[in-house]
There are 2 protein chains.
Amino acid sequence: MHCQAVFDWGNLLYKCKYCGWPLTIEYEVLEHSSKRFLALIKGAKRLWDFYPILPIDNLHNIVTLGEGGTPLISATTRLTKHRFLYFKLESHNPTGSFKDRPISVIVTFAKENNISCVVAASSGNTGVSVAAYSAAGGLEAHIFLPGSCSPEKIALMQSYGAIVRKVEGTFSDAVRGLQQQKIQCINATTTLVNPLGLEGNKTIAYELAGALSKIDYIFIPIGAGPLLVGLYKGFNDLVKFGINTQVPHLVGVQPEGCAPIAEAFSLGLDHVEPWTKPVLTCAEGIADPLVGYEDDGTIALRCVRETEGFIVTVTDEEILSAMRALARFAGVLAEPAGAASFAGFLKVQEKVPRDSRVVCIITGSGLKGGWKWLN
Amino acid sequence: MHCQAVFDWGNLLYKCKYCGWPLTIEYEVLEHSSKRFLALIKGAKRLWDFYPILPIDNLHNIVTLGEGGTPLISATTRLTKHRFLYFKLESHNPTGSFKDRPISVIVTFAKENNISCVVAASSGNTGVSVAAYSAAGGLEAHIFLPGSCSPEKIALMQSYGAIVRKVEGTFSDAVRGLQQQKIQCINATTTLVNPLGLEGNKTIAYELAGALSKIDYIFIPIGAGPLLVGLYKGFNDLVKFGINTQVPHLVGVQPEGCAPIAEAFSLGLDHVEPWTKPVLTCAEGIADPLVGYEDDGTIALRCVRETEGFIVTVTDEEILSAMRALARFAGVLAEPAGAASFAGFLKVQEKVPRDSRVVCIITGSGLKGGWKWLN
């Protein structure tokens, strides 16, 4: 992505050997086969139905709990006057967040390669997902959490049998805590550290393309931004195969209390700086200061610019108001980070053309204790 | 079902005018059309893909959050030596339980018939589902709960904006509390009071038939038994249309601390008596003493006998042990009532032929506070 070096597929590499940047995985299987790709997209019920474009050799190794194939629902007029607004309910994945997609891919890869343990730094959702999929696949799970992680999510991880360690500080501190341990496991942290993660996230683009013939804007809650980068990758595949003519405008949404990518965007910088101010937000899932891996943010920033998207920041009040509206007028109970996309849309809706097709990704469920923010 | 009276489809009837028994809905649409039925079953991604055999006239009235189309996963060897054991993860429905199926059908019917409010007695899951679907459809929701309902589930109902009333006593007392109010709403209580409920539950049979060519036993947690009766109805449709040759043996699982149907079964009675002993179980979702609607239990009992199934009781210890095993060795976090099916299977597995195909229905998720039973 940076120095353009290419490596053969084999052992998992976390970063480019030459320039140190995150890697992405490319496939040769489906080249010159738009028809087959289109059939996949139209017929897929779940993530692993996309197996020809996922990093797997033997389908017996799949570790699945039924992730992907999440519902896409229309917004009612009680929520917005916008005519074509949709919610992609990633909150309806098996453990209640979109993280089940990258984690299913990573744990499957681990199983296929006889790796017996998984480690991850997590603000909560990744940890729950890693714990569940490791249990399903028979792997050991070690999770590093920041102090802000909710007790409900910690208890969930432990219910699945994961080993949990709390690290003083932010999510970035948890990432550093993990690095210092040098545990010999596959790293499932869902920054851009592991290129397998994007392979899970990109499938959301395929599903959206299968359901809607045209999408103009996608609003995405972002911390380090792997979901946004995954959507970028997925939509670029769709363009490459001639299924879509262009990538939708990707709109990142960050909480005001932790918004390093938004800051770089608004200052017109070409790279993201770590967030060194205090982290203050109810949206723990996207409270990522990017300290030590700010390049991940820069990659997300580039994807936003390349698609002529933008970044919007939202206050906690705006997030909780969007969360309440989703529950009361759509029957969708998101956690704060999961509702941030809709909060971002509400903030800028006057600027979004009235006849444009808009999707908000609802990234995480409020069932896992997130409902407390409404009570 | 009892006096064999037939009524025209039109206004919703709750009970037979003549004999007072629960009603079921029959369709003429698909008659003599096995091929179309088979195509439906093979292609369906979600509950409403079965619309030709669901009680709806105008598809615009559908109130959906993406229910149905739940995952079916194989048990690993770490859970059982049985070769063909599957889990149908109804816990992965939008609000975390199979109740989203009947409630989506009932709320849709209400919308189609300009009914603006929904009332239900619930041990918890039905209430959460009614609250969510009423919010999605723009209806008012009133929920009557027994004292045992978990605070997490009550908070969830309130998050969606439902009006919640606690009734001293058991689930049967909540049912009576509701009846005394005479609220002019559609009744979404998921005993057999509303025949629309079975229309949602029967779709699980269709999905199972689409996924597995042969099923010998289905283990089902039962309170009043509408899920079991719904499966019975669905599989009978499959036999009628020539898709399946027989209905699987339906096995009801009840907690020892509240087991009126099990008691009638083991005593060889032809009808179920209400449970007048104290209700003592962690499986609140199936703790139904059937006081005042014991006929519902009798209907479930008949379905069990007709399919040459049986009923098994499990202790709280057995339920929690099954729940723990599911979390640790399958990555499936069920609530106690949701794990009861697997507990029942474990209890009798020596008697289940080794090469038979067995499905356990995991009816509800542990994400909504149920995880507390493991900590």
# chains A, B, ... in the order shown; residues from 1 in each chain; ligands from 1
call {"tool": "residues_around", "arguments": {"residues": "Asn114 of chain A", "least_positions_apart": "4", "cutoff": "12 Å", "atoms": "only C-alpha atoms", "output": "list in words"}}
result
Asn11, Asn61, Val107, Thr108, Phe109, Ala110, Val118, Gly137, Gly138, Leu139, Cys185 and Ile186 of chain A
call {"tool": "write_last_selection", "arguments": {"atoms": "C-alpha atoms", "output": "mmCIF file, in the first residue's frame"}}
result
data_model
loop_
_atom_site.group_PDB
_atom_site.id
_atom_site.type_symbol
_atom_site.label_atom_id
_atom_site.label_comp_id
_atom_site.auth_asym_id
_atom_site.auth_seq_id
_atom_site.Cartn_x
_atom_site.Cartn_y
_atom_site.Cartn_z
ATOM 1 C CA ASN A 11 3.279 -17.343 6.355
ATOM 2 C CA ASN A 61 -11.163 -25.424 8.840
ATOM 3 C CA VAL A 107 -9.398 -17.699 13.917
ATOM 4 C CA THR A 108 -10.074 -19.805 10.819
ATOM 5 C CA PHE A 109 -6.646 -18.914 9.458
ATOM 6 C CA ALA A 110 -5.125 -19.861 12.820
ATOM 7 C CA VAL A 118 -5.106 -15.967 19.767
ATOM 8 C CA GLY A 137 -12.364 -23.402 17.327
ATOM 9 C CA GLY A 138 -10.684 -24.898 20.387
ATOM 10 C CA LEU A 139 -8.008 -22.202 20.670
ATOM 11 C CA CYS A 185 -0.131 -16.352 19.259
ATOM 12 C CA ILE A 186 -1.799 -14.967 16.196
#
call {"tool": "closest_atom_pairs", "arguments": {"of": "chain B", "to": "chain A", "cutoff": "6 Å", "atoms": "only C-alpha atoms", "output": "CSV"}}
result
residue,atom,partner,partner_atom,distance
B:Gly66,CA,A:Pro71,CA,5.0
B:Pro71,CA,A:Gly66,CA,5.0
B:His92,CA,A:Pro94,CA,5.8
B:Pro94,CA,A:His92,CA,5.8
B:Ala132,CA,A:Gly331,CA,4.2
B:Tyr133,CA,A:Gly331,CA,5.8
B:Ala135,CA,A:Gly331,CA,4.8
B:Ala136,CA,A:Ala330,CA,4.1
B:Tyr160,CA,A:Arg328,CA,4.8
B:Gly161,CA,A:Arg328,CA,5.6
B:Ala327,CA,A:Tyr160,CA,4.9
B:Arg328,CA,A:Tyr160,CA,4.7
B:Phe329,CA,A:Ala135,CA,5.2
B:Ala330,CA,A:Ala136,CA,4.1
B:Gly331,CA,A:Ala132,CA,4.2
B:Leu367,CA,A:Lys368,CA,5.6
B:Lys368,CA,A:Leu367,CA,5.6
call {"tool": "write_last_selection", "arguments": {"atoms": "C-alpha atoms", "output": "PDB file, in the first residue's frame"}}
result
ATOM      1  CA  GLY B  66     -34.066  -9.237  10.062  1.00  0.00           C
ATOM      2  CA  PRO B  71     -27.330 -20.206  11.888  1.00  0.00           C
ATOM      3  CA  HIS B  92     -28.936 -14.956  17.067  1.00  0.00           C
ATOM      4  CA  PRO B  94     -32.384  -9.506  16.460  1.00  0.00           C
ATOM      5  CA  ALA B 132     -38.401  -3.739  19.798  1.00  0.00           C
ATOM      6  CA  TYR B 133     -40.884  -4.628  17.053  1.00  0.00           C
ATOM      7  CA  ALA B 135     -40.828   0.534  18.243  1.00  0.00           C
ATOM      8  CA  ALA B 136     -39.926  -0.478  14.694  1.00  0.00           C
ATOM      9  CA  TYR B 160     -37.250   0.610  23.331  1.00  0.00           C
ATOM     10  CA  GLY B 161     -39.960   2.706  24.976  1.00  0.00           C
ATOM     11  CA  ALA B 327     -19.930 -21.247  25.881  1.00  0.00           C
ATOM     12  CA  ARG B 328     -16.534 -22.858  26.401  1.00  0.00           C
ATOM     13  CA  PHE B 329     -16.569 -25.503  23.693  1.00  0.00           C
ATOM     14  CA  ALA B 330     -18.888 -24.100  21.040  1.00  0.00           C
ATOM     15  CA  GLY B 331     -18.599 -20.324  21.473  1.00  0.00           C
ATOM     16  CA  LEU B 367     -25.844 -11.691  26.106  1.00  0.00           C
ATOM     17  CA  LYS B 368     -28.851 -10.037  27.781  1.00  0.00           C
TER      18      LYS B 368
END
call {"tool": "residues_around", "arguments": {"residues": "Asp57 of chain B", "least_positions_apart": "6", "cutoff": "12 Å", "atoms": "only C-alpha atoms", "output": "list of chain:residue names"}}
result
B:Trp9, B:Gly10, B:Val29, B:Tyr51, B:Thr108, B:Phe109, B:Lys111, B:Glu112, B:Asn113
call {"tool": "residues_around", "arguments": {"residues": "His271 of chain A", "least_positions_apart": "4", "cutoff": "12 Å", "atoms": "only C-alpha atoms", "output": "PyMOL selection string"}}
result
chain A and resi 260-267+293-303+305
call {"tool": "residues_around", "arguments": {"residues": "Ile215 of chain A", "least_positions_apart": "5", "cutoff": "9 Å", "atoms": "only C-alpha atoms", "output": "PyMOL selection string"}}
result
chain A and resi 208-209+247-249+356-359
call {"tool": "select_by_dssp", "arguments": {"residues": "segment 114-243 of chain A", "states": "strand (DSSP E)", "output": "list of chain:residue names"}}
result
A:Cys117, A:Val118, A:Val119, A:Ala120, A:Ala121, A:Glu140, A:Ala141, A:His142, A:Ile143, A:Phe144, A:Leu145, A:Pro146, A:Ile163, A:Val164, A:Arg165, A:Lys166, A:Val167, A:Ile186, A:Asn187, A:Tyr217, A:Ile218, A:Phe219, A:Ile220, A:Pro221
call {"tool": "write_last_selection", "arguments": {"atoms": "N, CA and C atoms", "output": "compact mmCIF listing (two decimals), in the first residue's frame"}}
result
# COMPACT_ATOMS: atom_id res chain seq x y z
N CYS A 117 -3.32 -20.49 19.65
CA CYS A 117 -3.83 -19.44 20.53
C CYS A 117 -3.93 -18.10 19.82
N VAL A 118 -4.78 -17.26 20.36
CA VAL A 118 -5.11 -15.97 19.77
C VAL A 118 -4.91 -14.90 20.83
N VAL A 119 -4.33 -13.78 20.44
CA VAL A 119 -4.18 -12.68 21.38
C VAL A 119 -4.75 -11.42 20.73
N ALA A 120 -5.33 -10.55 21.54
CA ALA A 120 -5.85 -9.30 20.97
C ALA A 120 -5.90 -8.21 22.01
N ALA A 121 -5.62 -6.98 21.57
CA ALA A 121 -5.96 -5.81 22.38
C ALA A 121 -7.35 -5.40 21.92
N GLU A 140 -6.84 -21.13 22.50
CA GLU A 140 -6.75 -20.35 23.73
C GLU A 140 -6.84 -18.87 23.36
N ALA A 141 -7.49 -18.07 24.21
CA ALA A 141 -7.64 -16.65 23.91
C ALA A 141 -7.08 -15.79 25.04
N HIS A 142 -6.27 -14.80 24.67
CA HIS A 142 -5.73 -13.83 25.64
C HIS A 142 -6.15 -12.44 25.19
N ILE A 143 -6.82 -11.71 26.08
CA ILE A 143 -7.33 -10.39 25.70
C ILE A 143 -6.71 -9.31 26.58
N PHE A 144 -6.24 -8.23 25.97
CA PHE A 144 -5.71 -7.07 26.69
C PHE A 144 -6.70 -5.92 26.55
N LEU A 145 -7.13 -5.40 27.72
CA LEU A 145 -8.20 -4.40 27.71
C LEU A 145 -7.77 -3.10 28.38
N PRO A 146 -8.28 -1.98 27.89
CA PRO A 146 -8.04 -0.72 28.60
C PRO A 146 -8.95 -0.63 29.83
N ILE A 163 -8.74 -15.63 28.70
CA ILE A 163 -7.89 -15.07 29.75
C ILE A 163 -7.80 -13.56 29.50
N VAL A 164 -8.18 -12.79 30.51
CA VAL A 164 -8.36 -11.35 30.32
C VAL A 164 -7.37 -10.57 31.18
N ARG A 165 -6.72 -9.57 30.59
CA ARG A 165 -5.81 -8.72 31.39
C ARG A 165 -6.17 -7.25 31.16
N LYS A 166 -6.32 -6.52 32.25
CA LYS A 166 -6.60 -5.09 32.15
C LYS A 166 -5.30 -4.31 32.16
N VAL A 167 -5.21 -3.32 31.28
CA VAL A 167 -4.02 -2.48 31.21
C VAL A 167 -4.45 -1.05 31.57
N ILE A 186 -1.42 -15.84 17.29
CA ILE A 186 -1.80 -14.97 16.20
C ILE A 186 -2.39 -13.70 16.82
N ASN A 187 -2.06 -12.55 16.23
CA ASN A 187 -2.54 -11.27 16.77
C ASN A 187 -3.83 -10.86 16.06
N TYR A 217 -23.53 7.32 -0.12
CA TYR A 217 -22.75 7.62 1.09
C TYR A 217 -22.85 6.45 2.08
N ILE A 218 -21.73 6.16 2.72
CA ILE A 218 -21.77 5.21 3.85
C ILE A 218 -21.17 5.89 5.07
N PHE A 219 -21.94 5.94 6.15
CA PHE A 219 -21.47 6.53 7.40
C PHE A 219 -20.96 5.40 8.30
N ILE A 220 -19.72 5.57 8.78
CA ILE A 220 -19.01 4.49 9.48
C ILE A 220 -18.37 5.01 10.76
N PRO A 221 -18.71 4.44 11.91
CA PRO A 221 -18.00 4.81 13.14
C PRO A 221 -16.55 4.35 13.01
call {"tool": "select_by_dssp", "arguments": {"residues": "segment 16-107 of chain A", "states": "alpha helix (DSSP H)", "output": "list in words"}}
result
Ser34, Lys35, Arg36, Phe37, Leu38, Ala39, Leu40, Ile41, Lys42, Gly43, Asp100, Arg101, Pro102, Ile103, Ser104, Val105, Ile106 and Val107 of chain A
call {"tool": "atom_distance", "arguments": {"atom1": "atom CA of Glu308 of chain B", "atom2": "atom CA of Tyr14 of chain B"}}
result
28.7 Å
call {"tool": "residues_around", "arguments": {"residues": "Thr170 of chain B", "least_positions_apart": "6", "cutoff": "9 Å", "atoms": "only C-alpha atoms", "output": "mmCIF file with C-alpha atoms, in the first residue's frame"}}
result
data_model
loop_
_atom_site.group_PDB
_atom_site.id
_atom_site.type_symbol
_atom_site.label_atom_id
_atom_site.label_comp_id
_atom_site.auth_asym_id
_atom_site.auth_seq_id
_atom_site.Cartn_x
_atom_site.Cartn_y
_atom_site.Cartn_z
ATOM 1 C CA SER B 123 -41.148 -13.996 31.324
ATOM 2 C CA LEU B 145 -43.998 -9.430 33.762
ATOM 3 C CA PRO B 146 -43.692 -11.880 36.648
ATOM 4 C CA GLY B 147 -41.555 -10.925 39.641
ATOM 5 C CA SER B 148 -38.741 -13.197 38.445
ATOM 6 C CA VAL B 279 -41.654 -22.683 40.682
ATOM 7 C CA ALA B 287 -40.906 -21.572 33.934
ATOM 8 C CA ASP B 288 -44.566 -21.705 32.978
ATOM 9 C CA PRO B 289 -47.038 -23.247 35.465
#
call {"tool": "closest_residue", "arguments": {"among": "B:Gln4, B:Ser341, B:Thr276, B:Asn201", "to": "Pro255 of chain B", "atoms": "only C-alpha atoms"}}
result
B:Ser341
call {"tool": "decode", "arguments": {"residues": "segment 255-266 of chain B", "atoms": "C-alpha atoms", "output": "short mmCIF file (atom, residue, chain, number, x, y, z; two decimals), in the first residue's frame"}}
result
data_model
loop_
_atom_site.label_atom_id
_atom_site.label_comp_id
_atom_site.auth_asym_id
_atom_site.auth_seq_id
_atom_site.Cartn_x
_atom_site.Cartn_y
_atom_site.Cartn_z
CA PRO B 255 -36.85 -27.75 34.18
CA GLU B 256 -37.53 -30.03 37.14
CA GLY B 257 -38.71 -27.03 39.12
CA CYS B 258 -41.62 -26.35 36.74
CA ALA B 259 -42.55 -29.33 34.58
CA PRO B 260 -46.31 -29.70 34.11
CA ILE B 261 -46.11 -31.20 30.63
CA ALA B 262 -43.34 -33.61 31.63
CA GLU B 263 -45.43 -34.77 34.56
CA ALA B 264 -48.45 -35.51 32.39
CA PHE B 265 -46.23 -37.34 29.93
CA SER B 266 -44.58 -39.53 32.53
#
